[in-house]
Structure formats: C-alpha cells, structure tokens
Amino acid sequence: GAQPKILDVENLSARYGQVVALHGVSINIRAGELVAVLGPNGAGKSTLLRSVMGLTTSTGSVRFDDQSLPRRGTSRIARAGVVLVPEGRGIFAPMSVAENLQLGAYMIGGRGTEFERRRDRVLTLFPRLRERLNQTSGSLSGGEQQMLAVGRAMMAEPRLLLLDEPSLGLAPKVTAEILETLGQLNRSGLPILLVEQKAPLALKLANRAYVMSNGRISAEVDPREINSHADLAQFYFN
Ligand code: ATP
C-alpha cells in the first residue's frame, strides 16, 4: 500500500507585499520519496520551499509527520526535522569547512560523541570535505560549496530535506556527483523535496514530480512516463 504522507501541503499561498507568489499550492511527499518540483524562472519554486520553512508571509496548511507546522517560526520547523538547503547555498564564506559543519549541528552543539558521529557520516558522504576541513569555505569550488551546504544540512539529521537548485552554476560532472549523493541519501530512507530547473536530471532521480508555473501547480508527472523533451515542454507551456 501507499506509504504515509511525511509532508502534506494544502492550499498554501504566499505573497511578497502586494505580489502573490503562490496561489493555493497543494503537494505531498510520502515516506521515502524523492519528489521534484520543476518549472521556469519565477514560477514560485523557491517561494514554495521558503514557505514550508516559515520564511514567507503565507496562509494554508503544512503538515509534517501528521503534525501541523506553524506558518511562522523557522527554528521550530527546523527542530521538527525539516531542513532547507537554500538557493545560493548560504554557507559562511569566511569560516572554515569545519566551522560551517559545526553550525549545522547547532541543536546538539559543535562537539561530543553524537557530533563526531554525524560529522563522520557527512565526511564519508563527501570525502572532498574531509580533505578541506580547515580551508576557508569561500575558497572552495562551487561544487564543493554545494557539498558543504548539503553536508551542513545533514549535520542537523533532518527527517525531510528541502533542496533549492543544487545544480545552479555547476558543471555537469559535479552536478551528477551531487545528485548521485542525494539519490544515495534518499535510498537510505531520507525523504527529499528537490527544486530543479534542470528537469531531465531531476526526473532521473525523482519518484514523482510537480510542475509549477505562475505560482500554481500545473501538472503532476510520473518520471517513467516522460520519454522526450517534447513531453516535458508540454508541461512548461501549458
Ligand atoms: P527562480 O528559479 O528564478 O528562483 P522560482 O520558481 O524559484 O524561480 P521564486 O523565486 O519563488 O521563483 O519567485 C516567484 C515570484 O515571486 C517571482 O515573480 C519573483 O519575482 C517574486 N519574488 C521572489 N522573491 C521576492 C521578494 N523577496 N520580494 C518580492 N518578490 C519576490
């Protein structure tokens, strides 16, 4: 039978001042799924993730693991186990890789056995970070910075990971490497909501995908049924 819904978003709307960026969006993620949100620039994909996180002025219902999440109060939402890797990565450039990882573990403090266990897990996931622990984060390559952003999120041991365009500005090879790691995390049981403009890549990983345009969900897609660019383009131009 179907897995229970880990995230259930109903009729979520959000505005920036007078500008309505989300119009009654409903999506869900079931336990163990990797769900992609596709769509052109300005469709509202980032706003959807930010709204789940309580970072916008929003209305509607967001349920996580059958608990209602507040529409404001990002720290409470994070403590419930929802963690966002924002577009642009949001790492602290002047700080070292090790310090950025410590920040991700702020809920348990940046030391101790549990901290070491989590850090070891992240460094096994991203061996390149282990070699660069004492390096200034701003001097990492774009791909390494994205690995650090995901690694820092994993330090919080999320129960749901939200990712905003992890491939942005990265070479295809590095993108593939990062997406492969995300697939690995998902197969180990972590539900993931992945916002991506590079639809073909996202569809390779995703169990399901939603297409957004103009602040609305315009289609829901079964990745196995997308066989060509033409199939996909149809959803973008509807
Ligand atoms: P992109 O991939 O380009 O980031 P997106 O699908 O993530 O696109 P959003 O960033 O969510 O889209 O933007 C949705 C709409 O909200 C756009 O019209 C955008 O201009 C507007 N918007 C986003 N952030 C703000 C803001 N801080 N203030 C005002 N308007 C905003």
# chains A, B, ... in the order shown; residues from 1 in each chain; ligands from 1

call {"tool": "residues_near_ligand", "arguments": {"ligand": "ligand 1", "cutoff": "8 Å", "atoms": "only C-alpha atoms and all ligand atoms", "output": "PyMOL selection string"}}
result
chain A and resi 15-17+19-22+39-48+87+164-165+195-197+212-215

call {"tool": "residues_around", "arguments": {"residues": "region 55-61 of chain A", "least_positions_apart": "2", "cutoff": "9 Å", "atoms": "only C-alpha atoms", "output": "list in words"}}
result
Asp8, Val9, Glu10, Asn11, Leu12, Ser13, Ala14, Arg15, Tyr16, Gly17, Leu22, Gly24, Val25, Ser26, Thr47, Leu49, Arg50, Ser51, Val52, Met53, Arg63, Ser68, Leu69, Pro70, Arg71, Arg72, Gly73 and Thr74 of chain A

call {"tool": "closest_residue", "arguments": {"among": "A:Val150, A:Leu162, A:Met155, A:Leu133", "to": "Ile108 (chain A)", "atoms": "only C-alpha atoms"}}
result
A:Met155

call {"tool": "residues_around", "arguments": {"residues": "region 79-85 of chain A", "least_positions_apart": "5", "cutoff": "7 Å", "atoms": "only C-alpha atoms", "output": "list in words"}}
result
Ala149, Val150, Ala153, Pro158, Arg159, Leu160, Leu161, Leu162, Leu163 and Asp164 of chain A

call {"tool": "write_last_selection", "arguments": {"atoms": "all heavy atoms", "output": "PDB file, in the first residue's frame"}}
result
ATOM      1  N   ALA A 149      27.067  22.739   1.715  1.00  0.00           N
ATOM      2  CA  ALA A 149      25.707  23.158   2.078  1.00  0.00           C
ATOM      3  C   ALA A 149      24.832  21.947   2.410  1.00  0.00           C
ATOM      4  O   ALA A 149      24.073  21.954   3.380  1.00  0.00           O
ATOM      5  CB  ALA A 149      25.089  23.977   0.949  1.00  0.00           C
ATOM      6  N   VAL A 150      24.956  20.884   1.599  1.00  0.00           N
ATOM      7  CA  VAL A 150      24.180  19.667   1.883  1.00  0.00           C
ATOM      8  C   VAL A 150      24.710  19.017   3.164  1.00  0.00           C
ATOM      9  O   VAL A 150      23.939  18.589   4.028  1.00  0.00           O
ATOM     10  CB  VAL A 150      24.244  18.672   0.693  1.00  0.00           C
ATOM     11  CG1 VAL A 150      23.543  17.363   1.037  1.00  0.00           C
ATOM     12  CG2 VAL A 150      23.614  19.291  -0.556  1.00  0.00           C
ATOM     13  N   ALA A 153      23.496  20.791   6.198  1.00  0.00           N
ATOM     14  CA  ALA A 153      22.099  20.432   6.473  1.00  0.00           C
ATOM     15  C   ALA A 153      22.013  19.049   7.117  1.00  0.00           C
ATOM     16  O   ALA A 153      21.232  18.825   8.053  1.00  0.00           O
ATOM     17  CB  ALA A 153      21.284  20.466   5.181  1.00  0.00           C
ATOM     18  N   PRO A 158      18.273  15.806   9.412  1.00  0.00           N
ATOM     19  CA  PRO A 158      16.896  16.124   9.013  1.00  0.00           C
ATOM     20  C   PRO A 158      16.063  14.865   8.806  1.00  0.00           C
ATOM     21  O   PRO A 158      16.593  13.799   8.487  1.00  0.00           O
ATOM     22  CB  PRO A 158      17.072  16.876   7.691  1.00  0.00           C
ATOM     23  CG  PRO A 158      18.397  16.450   7.166  1.00  0.00           C
ATOM     24  CD  PRO A 158      19.246  16.187   8.371  1.00  0.00           C
ATOM     25  N   ARG A 159      14.762  15.022   8.973  1.00  0.00           N
ATOM     26  CA  ARG A 159      13.825  13.944   8.626  1.00  0.00           C
ATOM     27  C   ARG A 159      13.170  14.238   7.298  1.00  0.00           C
ATOM     28  O   ARG A 159      12.464  13.411   6.738  1.00  0.00           O
ATOM     29  CB  ARG A 159      12.808  13.787   9.747  1.00  0.00           C
ATOM     30  CG  ARG A 159      13.496  13.295  11.031  1.00  0.00           C
ATOM     31  CD  ARG A 159      12.576  13.351  12.210  1.00  0.00           C
ATOM     32  NE  ARG A 159      11.407  12.551  11.940  1.00  0.00           N
ATOM     33  CZ  ARG A 159      10.166  12.933  12.227  1.00  0.00           C
ATOM     34  NH1 ARG A 159       9.938  14.101  12.792  1.00  0.00           N
ATOM     35  NH2 ARG A 159       9.156  12.151  11.939  1.00  0.00           N
ATOM     36  N   LEU A 160      13.391  15.459   6.806  1.00  0.00           N
ATOM     37  CA  LEU A 160      12.962  15.854   5.458  1.00  0.00           C
ATOM     38  C   LEU A 160      13.942  16.917   4.978  1.00  0.00           C
ATOM     39  O   LEU A 160      14.198  17.892   5.686  1.00  0.00           O
ATOM     40  CB  LEU A 160      11.542  16.428   5.489  1.00  0.00           C
ATOM     41  CG  LEU A 160      11.048  17.079   4.187  1.00  0.00           C
ATOM     42  CD1 LEU A 160      10.928  16.053   3.054  1.00  0.00           C
ATOM     43  CD2 LEU A 160       9.690  17.770   4.411  1.00  0.00           C
ATOM     44  N   LEU A 161      14.495  16.705   3.791  1.00  0.00           N
ATOM     45  CA  LEU A 161      15.468  17.649   3.239  1.00  0.00           C
ATOM     46  C   LEU A 161      14.835  18.399   2.069  1.00  0.00           C
ATOM     47  O   LEU A 161      14.299  17.778   1.146  1.00  0.00           O
ATOM     48  CB  LEU A 161      16.705  16.866   2.777  1.00  0.00           C
ATOM     49  CG  LEU A 161      17.948  17.657   2.368  1.00  0.00           C
ATOM     50  CD1 LEU A 161      18.474  18.505   3.524  1.00  0.00           C
ATOM     51  CD2 LEU A 161      19.046  16.694   1.893  1.00  0.00           C
ATOM     52  N   LEU A 162      14.901  19.722   2.126  1.00  0.00           N
ATOM     53  CA  LEU A 162      14.411  20.569   1.040  1.00  0.00           C
ATOM     54  C   LEU A 162      15.620  21.155   0.330  1.00  0.00           C
ATOM     55  O   LEU A 162      16.490  21.745   0.973  1.00  0.00           O
ATOM     56  CB  LEU A 162      13.550  21.723   1.585  1.00  0.00           C
ATOM     57  CG  LEU A 162      12.469  21.402   2.611  1.00  0.00           C
ATOM     58  CD1 LEU A 162      11.776  22.690   3.071  1.00  0.00           C
ATOM     59  CD2 LEU A 162      11.442  20.435   2.029  1.00  0.00           C
ATOM     60  N   LEU A 163      15.674  21.003  -0.989  1.00  0.00           N
ATOM     61  CA  LEU A 163      16.853  21.468  -1.736  1.00  0.00           C
ATOM     62  C   LEU A 163      16.442  22.418  -2.833  1.00  0.00           C
ATOM     63  O   LEU A 163      15.617  22.068  -3.683  1.00  0.00           O
ATOM     64  CB  LEU A 163      17.538  20.275  -2.396  1.00  0.00           C
ATOM     65  CG  LEU A 163      18.342  19.400  -1.467  1.00  0.00           C
ATOM     66  CD1 LEU A 163      18.287  17.974  -1.929  1.00  0.00           C
ATOM     67  CD2 LEU A 163      19.787  19.877  -1.433  1.00  0.00           C
ATOM     68  N   ASP A 164      17.048  23.602  -2.844  1.00  0.00           N
ATOM     69  CA  ASP A 164      16.709  24.596  -3.862  1.00  0.00           C
ATOM     70  C   ASP A 164      17.825  24.694  -4.897  1.00  0.00           C
ATOM     71  O   ASP A 164      18.870  25.275  -4.632  1.00  0.00           O
ATOM     72  CB  ASP A 164      16.463  25.960  -3.197  1.00  0.00           C
ATOM     73  CG  ASP A 164      15.680  26.884  -4.109  1.00  0.00           C
ATOM     74  OD1 ASP A 164      15.535  26.565  -5.306  1.00  0.00           O
ATOM     75  OD2 ASP A 164      15.211  27.921  -3.612  1.00  0.00           O
TER      76      ASP A 164
END

call {"tool": "select_by_dssp", "arguments": {"residues": "region 106-170 of chain A", "states": "helix (DSSP H, G or I)", "output": "PyMOL selection string"}}
result
chain A and resi 113-125+127-130+137-139+142-154

call {"tool": "atom_distance", "arguments": {"atom1": "CA of Ile6 (chain A)", "atom2": "CA of Asp65 (chain A)"}}
result
4.6 Å

call {"tool": "residues_around", "arguments": {"residues": "Leu34 (chain A)", "least_positions_apart": "4", "cutoff": "7 Å", "atoms": "only C-alpha atoms", "output": "ChimeraX atom specification"}}
result
/A:186,191-193,206-207

call {"tool": "select_by_dssp", "arguments": {"residues": "region 33-219 of chain A", "states": "strand (DSSP E)", "output": "PyMOL selection string"}}
result
chain A and resi 34-38+57-64+67-68+82-85+160-164+192-195+208-213+216-219

call {"tool": "residues_around", "arguments": {"residues": "Leu179 (chain A)", "least_positions_apart": "3", "cutoff": "9 Å", "atoms": "only C-alpha atoms", "output": "list in words"}}
result
Pro166, Ser167, Val174, Thr175, Ala176, Leu182, Gly183, Gln184, Leu201, Ala202 and Leu205 of chain A

call {"tool": "residues_around", "arguments": {"residues": "region 124-132 of chain A", "least_positions_apart": "3", "cutoff": "7 Å", "atoms": "only C-alpha atoms", "output": "PyMOL selection string"}}
result
chain A and resi 97+120-121+135+147

call {"tool": "write_last_selection", "arguments": {"atoms": "N, CA and C atoms", "output": "PDB file, in the first residue's frame"}}
result
ATOM      1  N   VAL A  97      35.464  25.038   6.605  1.00  0.00           N
ATOM      2  CA  VAL A  97      34.532  23.937   6.359  1.00  0.00           C
ATOM      3  C   VAL A  97      34.083  23.340   7.690  1.00  0.00           C
ATOM      4  N   ASP A 120      31.279  12.467  10.986  1.00  0.00           N
ATOM      5  CA  ASP A 120      31.931  11.376  10.270  1.00  0.00           C
ATOM      6  C   ASP A 120      31.044  10.866   9.130  1.00  0.00           C
ATOM      7  N   ARG A 121      29.760  10.820   9.388  1.00  0.00           N
ATOM      8  CA  ARG A 121      28.815  10.377   8.361  1.00  0.00           C
ATOM      9  C   ARG A 121      28.842  11.337   7.162  1.00  0.00           C
ATOM     10  N   GLN A 135      40.028  24.522   5.445  1.00  0.00           N
ATOM     11  CA  GLN A 135      40.049  25.533   4.388  1.00  0.00           C
ATOM     12  C   GLN A 135      38.891  26.515   4.563  1.00  0.00           C
ATOM     13  N   MET A 147      28.373  20.817  -1.832  1.00  0.00           N
ATOM     14  CA  MET A 147      28.531  19.645  -0.951  1.00  0.00           C
ATOM     15  C   MET A 147      28.517  20.088   0.510  1.00  0.00           C
TER      16      MET A 147
END

call {"tool": "residues_around", "arguments": {"residues": "Gln102 (chain A)", "least_positions_apart": "6", "cutoff": "8 Å", "atoms": "only C-alpha atoms", "output": "mmCIF file with N, CA and C atoms, in the first residue's frame"}}
result
data_model
loop_
_atom_site.group_PDB
_atom_site.id
_atom_site.type_symbol
_atom_site.label_atom_id
_atom_site.label_comp_id
_atom_site.auth_asym_id
_atom_site.auth_seq_id
_atom_site.Cartn_x
_atom_site.Cartn_y
_atom_site.Cartn_z
ATOM 1 N N GLY A 109 25.062 21.159 19.625
ATOM 2 C CA GLY A 109 26.355 21.730 19.990
ATOM 3 C C GLY A 109 27.456 21.144 19.122
ATOM 4 N N GLY A 110 28.530 21.898 18.959
ATOM 5 C CA GLY A 110 29.562 21.536 17.992
ATOM 6 C C GLY A 110 30.664 20.640 18.529
ATOM 7 N N ARG A 111 30.351 19.716 19.415
ATOM 8 C CA ARG A 111 31.336 18.760 19.921
ATOM 9 C C ARG A 111 30.624 17.569 20.560
ATOM 10 N N ARG A 152 26.209 20.427 5.667
ATOM 11 C CA ARG A 152 25.813 21.205 6.843
ATOM 12 C C ARG A 152 24.363 20.904 7.213
ATOM 13 N N MET A 155 24.079 17.673 9.043
ATOM 14 C CA MET A 155 24.535 17.713 10.443
ATOM 15 C C MET A 155 23.364 17.868 11.410
#

call {"tool": "closest_residue", "arguments": {"among": "A:Leu101, A:Ile29, A:Val221, A:Ala36", "to": "Asn134 (chain A)", "atoms": "only C-alpha atoms"}}
result
A:Leu101

call {"tool": "closest_residue", "arguments": {"among": "A:Gly189, A:Ala93, A:Glu116, A:Gly143", "to": "Glu177 (chain A)", "atoms": "only C-alpha atoms"}}
result
A:Gly143

call {"tool": "closest_residue", "arguments": {"among": "A:Arg187, A:Gly32, A:Leu38, A:His23", "to": "Ala219 (chain A)", "atoms": "only C-alpha atoms"}}
result
A:Leu38

call {"tool": "atom_distance", "arguments": {"atom1": "CA of Asp66 (chain A)", "atom2": "CA of Val211 (chain A)"}}
result
24.8 Å

call {"tool": "atom_distance", "arguments": {"atom1": "CA of Pro4 (chain A)", "atom2": "CA of Ala31 (chain A)"}}
result
5.9 Å
